Structure formats: C-alpha cells, structure tokens
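Q: Here it is: the structure, laid out below.
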Amino acid sequence: MKKTAHNHVTKSIKPHENKTWSESNRSFFLPNAGLNEHGASTLDTSSVALIKWLICPIVIIASLLGCVLYYEQDFKEDFLSLAIVSFLLASHIFDEANLYRQQAKYPLFQAFYGILLKWVLLVGCLWLLGIVTGQTGQFPRKPLLAWFVITPLPLLVFNLLARRILQSMVSKGRNQRTAIIVGANPMGQDLFRKIDNDAYLGIKVLGFFDDRSQVRLPSDMQGMVIGPMDAVTPYVWEHNIDLVYISLPMLPHPRMLNLMDALRDSTASVYFVPDMFMFDLINARFDHVNGVPVVSIRDTPYFGVRGMIKRLSDLVIASVILLLISPVMLLIAVGIKLTSRGPVLFKQRRYGLDGEEIKVYKFRSMTVTEDGDRVVQAKKNDQRVTPFGRILRRTSLDELPQFINVLQGCMSVVGPRPHAVAHNEMYRKVIKGYMIRHKVKPGVTGWAQVNGLRGETETLDKMAARVEYDLDYIRNWSLILDLWIIFKTVRVVFVSDKNAF
C-alpha cells in the first residue's frame with residue numbers, strides 16, 4: 001500500500017458525484033454491469049450471486065446430458081426428472097461453496113476438496129431419495145455411473161475458470177473498491193492484512209484514521225494514518241470511499257456517535273469490526289435469531305451441510321468397518337469368554353454430545369466393571385487387567401464395539417474420547433474449558449490419542465494436554481482431518497503403544 005499523509009481535508013464533492021451503489025452491491029461483481037468514474041466496467045453483486053448460484057447446477061445438468069447422449073439414451077423420458085431434482089439440490093448444496101476467494105495455502109486442492117465433498121453429498125441425497133421413492137432401478141446404470149465419476153472434473157474446471165477471470169480483472173486495477181479503517185489498533189491492522197492478502201476481494205485500503213498522535217501509534221502504523229476521526233466524512237466525500245471499517249469498541253462515546261451521524265451523509269457502506277479476540281474463539285460465526293443478529297464465539301463445527309457430511313461419513317465408515325471386523329470381533333468375544341469370568345461387553349456411563357449421558361460399549365478387558373462415582377484409571381501393570389485384556393488394550397481392539405455406538409448416533413468415528421462420568425465431574429472443576437469438548441459427539445478415536453495421549457493420564461498436565469488437543473480438533477474439523485486420524489489410528493493398532501495399559 002502506498003503510504004499517504006494528510007494533515008487535513010478541505011475539499012468536498014458535489015452530491016451528484018458521489019456513488020450511489022446499494023448495500024447489496026458491495027461483495028462481488030461481474031463485467032458489463034456498469035461503468036465507474038474511470039470508464040472501466042464495474043461488477044454487479046446481484047449478477048455474480050446469480051451466476052454463483054447457477055454455475056454448478058448448470059454444469060451438473062450439462063454433464064448429465066453429455067453422459068446420456070454418449071450412451072444414446074432418451075433424456076426426456078428417463079432423465080428429465082433426475083435433472084430437475086439435481087438442479088434444485090445443487091443450487092442449495094453448492095451455494096455454500098466460495099471458489100472466488102483465495103482461502104488456503106493450496107487453493108487448487110481446497111477447491112477440488114470442497115467440490116468433491118459437496119458432489120458426494122448430492123449423490124448421497126439422490127440415492128436416499130431414490131430409495132424412498134422406489135426409483136433407484138429406473139435409470140440405466142452406465143450413463144448414471146459415468147455421470148457420478150466425471151462430473152467433479154468439469155465442476156472444478158468451470159469454477160476455477162470463473163475465479164481466474166475475476167482475478168485477472170482485479171489484477172488490472174479494474175473494479176476495485178476503496179476502503180478506509182477507523183482505528184489504528186491491532187484489530188484494524190489484522191483486517192488490513194487480510195484484505196491486502198486477498199486479491200479476490202477487489203478492495204484497496206487507502207489508510208487509517210485515528211485520533212492518537214503519530215508518536216503514540218505502533219511503529220509499523222506510523223505514516224499509514226491519514227488523519228483524525230473528524231476528518232473521516234470529508235475524506236469519504238472527496239475520495240468516493242466505498243467501505244468504512246470501524247475497528248473501535250461499539251460504545252456510546254460522543255466521538256463515535258458524531259462519526260456515525262456524519263457518515264449518514266454519505267453512500268459508503270459502514271461496518272463494525274467486532275473485537276472477539278478477547279475470547280477463546282471456537283467456530284466463531286455470525287447468525288441471527290428471527291432477524292436479530294448474534295455472534296457465536298463458541299459452537300459445534302457441525303452446522304448446516306457440515307453436520308450432514310459428518311453424520312453421513314460416520315454411517316458409511318462405521319458400517320464398512322463393522323462388516324470388515326465382524327470375524328475379529330467374534331474371535332475376541334470367544335477369547336474373553338475362555339480366559340476370564342464375566343460378560344463379553346462392558347457398558348459404562350459417559351458424557352456424550354452436550355453433556356448428555358450415554359452408554360458406551362467396550363470389550364471387557366478387566367476382572368471388574370466399574371461404573372460408580374469413583375473410577376480408577378488403568379495403570380501400568382494393573383492387576384485388574386486380564387492377560388487377554390492387556391493385548392486388547394494395547395492394540396485398542398477393546399474399543400471396537402463402539403462402532404455400534406456410532407451407528408446408534410451417540411458417538412462418532414472420530415472425536416474427543418469419552419471419559420467416565422466420575423472423571424468428567426472431577427476434571428471439569430480443575431481444567432479450564434474441559435466441558436467444551438462435549439460440543440461434539442465423542443469418538444472411537446481422537447486427535448489426542450494419535451498424538452501419544454492414550455491410556456492413563458496420571459498427572460493433571462497430561463489431561464490438560466489431552467483436552468487442548470480435543471479443542472484443537474473442534475476448531476479445525478474437516479473430513480480430511482477425520483480420515484487422517486483414522487489412518488494414524490490403524491497404524492497404532494499394528495504398532496504396540498507403550499501408553500496403553
């Protein structure tokens with residue numbers, strides 16, 4: 001950003017020179033929607049929103065049509081109803097995809113990952129709908145299978161092409177919106193860096209406004225402050241500013257009230273940047289309650305489509321694993337019966353989602369089945385563990401029955417490991433944020449367990465470290481992370497873990 005310094009702003013512009021864009025035209029733009037003051041085409045947000053909404057459904061239908069014609073099938077007779085349903089589902093499922101902004105270190109991988117997940121979800125919805133309506137056998141299999149396999153590629157190509165066009169337009173200096181930030185503080189600096197690093201936003205920050213003198217500002221902010229707060233409105237008028245970001249506390253302070261009142265006499269969009277960094281943010285997001293805007297600072301990661309993806313993946317993975325391991329489970333059951341007295345399965349009370357009590361299944365590995373107000377964790381050379389049970393615990397095979405809990409819906413394949421109720425009641429009092437781990441379903445395996453935190457947690461520090469891994473998992477959940485944890489768990493099964501007793 002070019003550094004600018006203005007001691008005062010005296011020039012104003014005539015009312016008809018000011019831009020009159022509506023609030024809905026602030027985020028994305030498309031070519032040929034109008035002309036800016038330099039004669040370059042501006043981008044209309046409503047047009048972009050329409051194309052974003054249509055591009056994936058149209059590509060999906062075009063791919064279906066191509067596969068049907070290739071196999072010389074009648075599109076109208078057999079596939080028209082499928083095309084209509086697919087279009088409607090795709091317009092909702094793919095509406096959350098945003099490939100127009102650079103969001104990751106590897107944007108191509110992220111784009112393909114996002115498209116593939118949503119395509120799998122769409123196919124899953126069509127399959128379930130076909131089962132409910134009894135129409136799964138209505139369609140010829142070859143064009144349908146080809147459509148399932150081929151479609152993600154054209155979806156990726158056309159979405160990336162749209163993004164490349166937008167990037168090219170922005171890089172040529174066209175369609176950029178101008179912005180200023182009121183408040184030269186860390187929050188404002190962070191906002192500036194995020195805007196400056198994202199070319200797809202099409203926003204150019206001209207500088208900051210702050211009432212503090214240059215000597216009181218951070219060293220890296222000196223020279224970037226244009227003027228004091230009372231110069232904001234004249235500057236907005238003179239330079240046709242599109243966006244004003246206010247990174248100051250939302251308090252009824254006189255200078256804040258005066259600024260908001262003065263900005264009424266401009267067409268700039270005004271945004272408050274909420275200072276949420278004072279909190280321990282976990283899946284922070286904006287929402288509304290019957291029209292009332294609210295900010296979530298701590299919530300489950302499984303909202304909207306993400307929740308459907310998580311549950312669908314749990315059902316598929318747990319079903320496949322149970323089919324594969326059913327002979328192993330039978331052999332383990334026989335081994336338990338032959339080597340010690342007692343039931344094959346041990347059921348223990350644990351806390352599940354939102355702290356609800358659930359019954360978790362395990363293969364019995366001890367001579368006792370403790371489930372009271374006081375439960376002693378298994379220790380090294382614990383006399384309660386049977387010889388056969390020690391093998392089960394070292395290889396995590398005692399956890400296999402919990403895939404039944406996954407199918408029941410009270411557990412996930414991957415998530416924070418459930419602790420006994422007695423342990424929960426003890427640790428929630430001494431470990432900050434302990435109960436947040438219950439914002440998701442407990443898992444058969446977890447992020448902490450594949451990072452060496454299995455077995456006994458004989459010190460408070462070890463349990464605190466396990467909880468920190470659990471919270472890290474909740475903050476960063478993705479299906480790819482789940483698959484990586486499952487892969488590492490399989491490795492643990494075949495490599496004896498010294499931490500498991």
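Labels used: A, B, ... for chains in the order of the structure tokens, numbers from 1 for residues in each chain, and numbers from 1 for ligands as shown.
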What lies within 12 Å of A:Trp484 using only C-alpha atoms, ignoring chain neighbours under 2 positions off, as a VMD selection string?
A: chain A and resid 414 445 to 447 450 to 451 473 477 to 482 486 to 491
Q: May I have the residues from that selection written out with N, CA and C atoms, as an mmCIF file, in the first residue's frame?
A:
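Dumped everything to result_33.cif:
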data_model
loop_
_atom_site.group_PDB
_atom_site.id
_atom_site.type_symbol
_atom_site.label_atom_id
_atom_site.label_comp_id
_atom_site.auth_asym_id
_atom_site.auth_seq_id
_atom_site.Cartn_x
_atom_site.Cartn_y
_atom_site.Cartn_z
ATOM 1 N N VAL A 414 -14.620 -40.383 14.763
ATOM 2 C CA VAL A 414 -13.537 -39.531 15.250
ATOM 3 C C VAL A 414 -14.122 -38.421 16.106
ATOM 4 N N THR A 445 -11.957 -42.901 18.147
ATOM 5 C CA THR A 445 -10.572 -42.463 18.219
ATOM 6 C C THR A 445 -10.568 -40.947 18.135
ATOM 7 N N GLY A 446 -9.425 -40.342 18.464
ATOM 8 C CA GLY A 446 -9.384 -38.884 18.506
ATOM 9 C C GLY A 446 -8.009 -38.319 18.195
ATOM 10 N N TRP A 447 -7.969 -37.008 18.049
ATOM 11 C CA TRP A 447 -6.742 -36.279 17.721
ATOM 12 C C TRP A 447 -5.712 -36.419 18.844
ATOM 13 N N VAL A 450 -4.009 -40.100 18.769
ATOM 14 C CA VAL A 450 -2.998 -40.383 17.747
ATOM 15 C C VAL A 450 -1.778 -39.486 17.912
ATOM 16 N N ASN A 451 -1.804 -38.611 18.904
ATOM 17 C CA ASN A 451 -0.651 -37.780 19.215
ATOM 18 C C ASN A 451 -0.005 -38.194 20.532
ATOM 19 N N TYR A 473 -9.014 -30.036 17.768
ATOM 20 C CA TYR A 473 -9.776 -30.804 16.775
ATOM 21 C C TYR A 473 -11.111 -30.117 16.465
ATOM 22 N N TRP A 477 -11.948 -28.905 12.576
ATOM 23 C CA TRP A 477 -12.522 -30.111 12.000
ATOM 24 C C TRP A 477 -12.685 -30.020 10.487
ATOM 25 N N SER A 478 -12.385 -31.122 9.829
ATOM 26 C CA SER A 478 -12.689 -31.308 8.407
ATOM 27 C C SER A 478 -12.734 -32.812 8.163
ATOM 28 N N LEU A 479 -13.348 -33.216 7.076
ATOM 29 C CA LEU A 479 -13.419 -34.641 6.755
ATOM 30 C C LEU A 479 -12.025 -35.202 6.480
ATOM 31 N N ILE A 480 -11.157 -34.378 5.878
ATOM 32 C CA ILE A 480 -9.783 -34.805 5.623
ATOM 33 C C ILE A 480 -9.057 -35.082 6.948
ATOM 34 N N LEU A 481 -9.257 -34.218 7.958
ATOM 35 C CA LEU A 481 -8.644 -34.438 9.266
ATOM 36 C C LEU A 481 -9.148 -35.741 9.877
ATOM 37 N N ASP A 482 -10.452 -36.021 9.745
ATOM 38 C CA ASP A 482 -11.003 -37.281 10.255
ATOM 39 C C ASP A 482 -10.323 -38.479 9.601
ATOM 40 N N ILE A 486 -8.037 -41.437 11.309
ATOM 41 C CA ILE A 486 -8.349 -42.864 11.145
ATOM 42 C C ILE A 486 -7.126 -43.615 10.629
ATOM 43 N N PHE A 487 -6.422 -43.017 9.655
ATOM 44 C CA PHE A 487 -5.213 -43.639 9.111
ATOM 45 C C PHE A 487 -4.163 -43.837 10.208
ATOM 46 N N LYS A 488 -3.953 -42.820 11.036
ATOM 47 C CA LYS A 488 -2.960 -42.921 12.101
ATOM 48 C C LYS A 488 -3.406 -43.908 13.173
ATOM 49 N N THR A 489 -4.712 -44.029 13.383
ATOM 50 C CA THR A 489 -5.221 -44.987 14.360
ATOM 51 C C THR A 489 -4.952 -46.421 13.921
ATOM 52 N N VAL A 490 -5.148 -46.697 12.624
ATOM 53 C CA VAL A 490 -4.863 -48.034 12.095
ATOM 54 C C VAL A 490 -3.400 -48.389 12.339
ATOM 55 N N ARG A 491 -2.522 -47.412 12.187
ATOM 56 C CA ARG A 491 -1.097 -47.648 12.436
ATOM 57 C C ARG A 491 -0.861 -48.016 13.903
#
Q: Env of A:Val440: 8 Å cut, atoms = only C-alpha atoms, seq-sep filter 4 positions within chain, self excluded. Answer as a PyMOL selection string.
A: chain A and resi 300-302+352-354+415-416+474
Q: Would you list the contacts of stretch 338-348 of chain A as a list in words, taking every protein, DNA or RNA residue within 8 Å and counting only C-alpha atoms, but skipping same-chain residues closer than 4 positions in sequence?
A: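 With the cut-off at 8 Å, the set is Ala333, Val334, Lys359, Val360, Tyr361, Lys362, Phe363, Arg364, Thr367, Thr369, Glu370, Asp371, Thr386, Phe388 and Ala420 of chain A.
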Q: Rounded to one decimal in Å, what is the spacing between atom CA of A:Ser86 and atom CA of A:Ile317?
A: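 Between atom CA of A:Ser86 and atom CA of A:Ile317 the gap is 25.2 Å.
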Q: Using only C-alpha atoms, which of A:Val320, A:Val68, A:Val273, A:Val205 sits nearest A:Pro143?
A: A:Val68
Q: Can you tell me, as a ChimeraX atom specification, which residues in stretch 191-359 of chain A count as helix (DSSP H, G or I) by DSSP?
A: /A:191-196,199-201,214-216,219-221,229-239,254-263,305-339,353-355
Q: Return the single residue from A:Ile309, A:Val182, A:Leu217, A:Ile115 that is closest to A:Val232, with distances computed using only C-alpha atoms.
A: A:Val182
Q: Give the strand (DSSP E) residues of stretch 196-381 of chain A, as assigned by DSSP on the backbone, as a ChimeraX atom specification.
A: /A:203-209,225-227,243-246,269-272,285-289,292-296,345-351,357-363
Q: Go ahead and dump the residues you just picked, C-alpha atoms, as a compact mmCIF listing (two decimals), in the first residue's frame.
A:
# COMPACT_ATOMS: atom_id res chain seq x y z
CA ILE A 203 -10.71 -3.90 -2.09
CA LYS A 204 -7.95 -1.30 -1.73
CA VAL A 205 -7.42 0.14 1.75
CA LEU A 206 -6.25 3.78 1.43
CA GLY A 207 -5.28 4.17 5.07
CA PHE A 208 -6.33 4.55 8.69
CA PHE A 209 -7.98 7.26 10.77
CA VAL A 225 -2.69 7.19 9.35
CA ILE A 226 -4.43 9.72 7.12
CA GLY A 227 -5.95 11.89 9.81
CA LEU A 243 -16.30 0.97 2.50
CA VAL A 244 -15.67 2.28 6.01
CA TYR A 245 -14.49 -0.28 8.59
CA ILE A 246 -14.66 0.82 12.24
CA SER A 269 -21.11 1.10 3.46
CA VAL A 270 -20.17 1.15 7.15
CA TYR A 271 -19.03 -1.95 9.02
CA PHE A 272 -18.11 -2.52 12.65
CA ARG A 285 -19.58 -17.26 13.19
CA PHE A 286 -22.41 -14.82 12.61
CA ASP A 287 -26.02 -15.95 12.86
CA HIS A 288 -29.45 -14.49 13.50
CA VAL A 289 -32.40 -15.33 15.71
CA VAL A 292 -31.83 -10.40 15.46
CA PRO A 293 -28.09 -10.64 14.57
CA VAL A 294 -25.96 -12.65 17.00
CA VAL A 295 -22.31 -13.69 17.09
CA SER A 296 -21.32 -17.23 18.05
CA LEU A 345 -19.21 -56.44 26.63
CA PHE A 346 -18.70 -53.81 29.28
CA LYS A 347 -21.10 -50.84 29.29
CA GLN A 348 -20.01 -47.66 31.05
CA ARG A 349 -21.74 -44.32 31.54
CA ARG A 350 -20.04 -41.49 29.67
CA TYR A 351 -20.89 -37.92 28.68
CA GLU A 357 -25.26 -39.27 29.47
CA ILE A 358 -24.75 -42.24 27.13
CA LYS A 359 -23.81 -45.91 27.47
CA VAL A 360 -20.51 -46.74 25.73
CA TYR A 361 -19.71 -50.32 24.72
CA LYS A 362 -16.26 -51.93 25.14
CA PHE A 363 -14.90 -55.43 25.14
Q: Pick the closest to A:Val413 from A:Glu399, A:Glu468, A:Asp190, A:Glu356: which is it, counting only C-alpha atoms?
A: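 Nearest candidate to A:Val413 out of A:Glu399, A:Glu468, A:Asp190, A:Glu356: A:Glu399.
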